[in-house]
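Notes follow the structure.
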Amino acid sequence: MKSQTLRMKAYELGVLTSYSRPRVSNDNPFAEALFRTVKYAPSFPEHGFDSLDNARVWVNGFVGWYNAEHKHSGLNFVTPNERHTLKDGDILARRESVLVMAKQVNPARWNGRAVRNCSPVEPTALNPVRLSSRVNATEVLVA
């Protein structure tokens with residue numbers, strides 16, 4: 001299908017086309033990362049789904065696993081549910097105390113390194129509020 005034909009079909013169906021632009025919230029890197037996680041999940045069916053109902057059942061199960069069981073490296077290995085319910089601070093503090101104690105018992109295992117970072121992650125935003133509406137050269141260079 002040619003791009004013009006696809007664009008017209010999308011228009012007929014009421015679908016808005018998206019163009020990637022910096023600092024535009026409907027170009028969502030979090031959603032893109034989730035798509036990759038779904039695609040490479042071990043339980044994802046190799047040959048697709050037999051029916052829409054099967055797809056819905058699988059997605060519902062995946063969402064439950066992803067939010068309640070899967071420990072995310074970007075959240076310092078706590079689940080999103082633990083992060084959103086503010087349980088991550090206690091979990092990470094307990095984890096740090098266990099790691100510090102283990103390092104004291106067997107310092108050779110750490111080979112002089114510090115224990116894992118057990119600080120709760122800071123909130124992130126797609127389009128953080130800026131102090132100034134004008135982008136200056138420093139922001140562009142840092143980004």
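We label chains A, B, ... in the order they appear in the structure tokens, count residues from 1 in each chain, and number ligands from 1 in the order shown.
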
Picked from chain A by DSSP as alpha helix (DSSP H), as a ChimeraX atom specification: /A:3-12,29-39,52-68,80-84,88-105,137-142

**Q.** Shell around A:Ser73 at 12 Å using only C-alpha atoms, local window under 3 positions removed, as a ChimeraX atom specification
**A.** /A:70,76-80,116-118,120-121

Those residues with N, CA and C atoms, as a compact mmCIF listing (two decimals), in the first residue's frame please?
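Below is the file that was written, result.txt:
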# COMPACT_ATOMS: atom_id res chain seq x y z
N HIS A 70 6.70 -8.10 37.44
CA HIS A 70 7.95 -7.82 36.74
C HIS A 70 8.70 -6.68 37.42
N ASN A 76 14.83 0.57 39.69
CA ASN A 76 15.71 -0.08 40.67
C ASN A 76 15.14 -1.41 41.15
N PHE A 77 14.58 -2.14 40.21
CA PHE A 77 14.09 -3.50 40.45
C PHE A 77 12.97 -3.58 41.47
N VAL A 78 12.00 -2.70 41.33
CA VAL A 78 10.71 -2.83 42.00
C VAL A 78 9.65 -2.84 40.91
N THR A 79 8.45 -3.26 41.24
CA THR A 79 7.39 -3.30 40.24
C THR A 79 6.75 -1.91 40.11
N PRO A 80 6.08 -1.64 38.99
CA PRO A 80 5.37 -0.37 38.88
C PRO A 80 4.32 -0.19 39.98
N ARG A 116 24.84 -1.98 45.39
CA ARG A 116 23.93 -1.47 44.35
C ARG A 116 23.19 -0.22 44.84
N ASN A 117 22.91 0.68 43.92
CA ASN A 117 22.12 1.87 44.22
C ASN A 117 20.71 1.44 44.61
N CYS A 118 20.30 1.78 45.80
CA CYS A 118 18.97 1.41 46.29
C CYS A 118 18.11 2.64 46.57
N PRO A 120 15.17 5.29 45.66
CA PRO A 120 13.98 5.34 44.80
C PRO A 120 14.23 6.28 43.62
N VAL A 121 13.67 5.93 42.48
CA VAL A 121 13.86 6.76 41.29
C VAL A 121 13.00 8.02 41.39

| query | So which residues touch A:Val115 within 10 Å, counting only C-alpha atoms, skipping near sequence neighbours fewer than 3 positions away, as a list in words? | reply | Glu96, Ser97, Val98, Leu99, Val100, Ala102, Lys103, Trp110, Gly112 and Cys118 of chain A

message: If we count only C-alpha atoms and set the cut-off at 10 Å, which residues sit around A:Gly89, ignoring sequence neighbours fewer than 2 positions away in its own chain? Please answer as a PyMOL selection string.
response: chain A and resi 78+82-83+86-87+91-95+118-121

File dump, residues just selected, C-alpha atoms, as a tab-separated table (two decimals), in the first residue's frame:
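Once everything was written out, this is part-v1.tsv:
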chain	number	residue	atom	x	y	z
A	78	VAL	CA	10.71	-2.83	42.00
A	82	GLU	CA	5.18	-0.91	44.26
A	83	ARG	CA	6.42	2.40	42.84
A	86	LEU	CA	4.99	4.40	47.34
A	87	LYS	CA	6.16	1.05	48.74
A	91	ILE	CA	11.56	-2.11	49.81
A	92	LEU	CA	14.73	-0.40	48.60
A	93	ALA	CA	15.78	0.58	52.14
A	94	ARG	CA	15.42	-3.04	53.29
A	95	ARG	CA	17.31	-4.22	50.20
A	118	CYS	CA	18.97	1.41	46.29
A	119	SER	CA	17.56	4.93	46.03
A	120	PRO	CA	13.98	5.34	44.80
A	121	VAL	CA	13.86	6.76	41.29
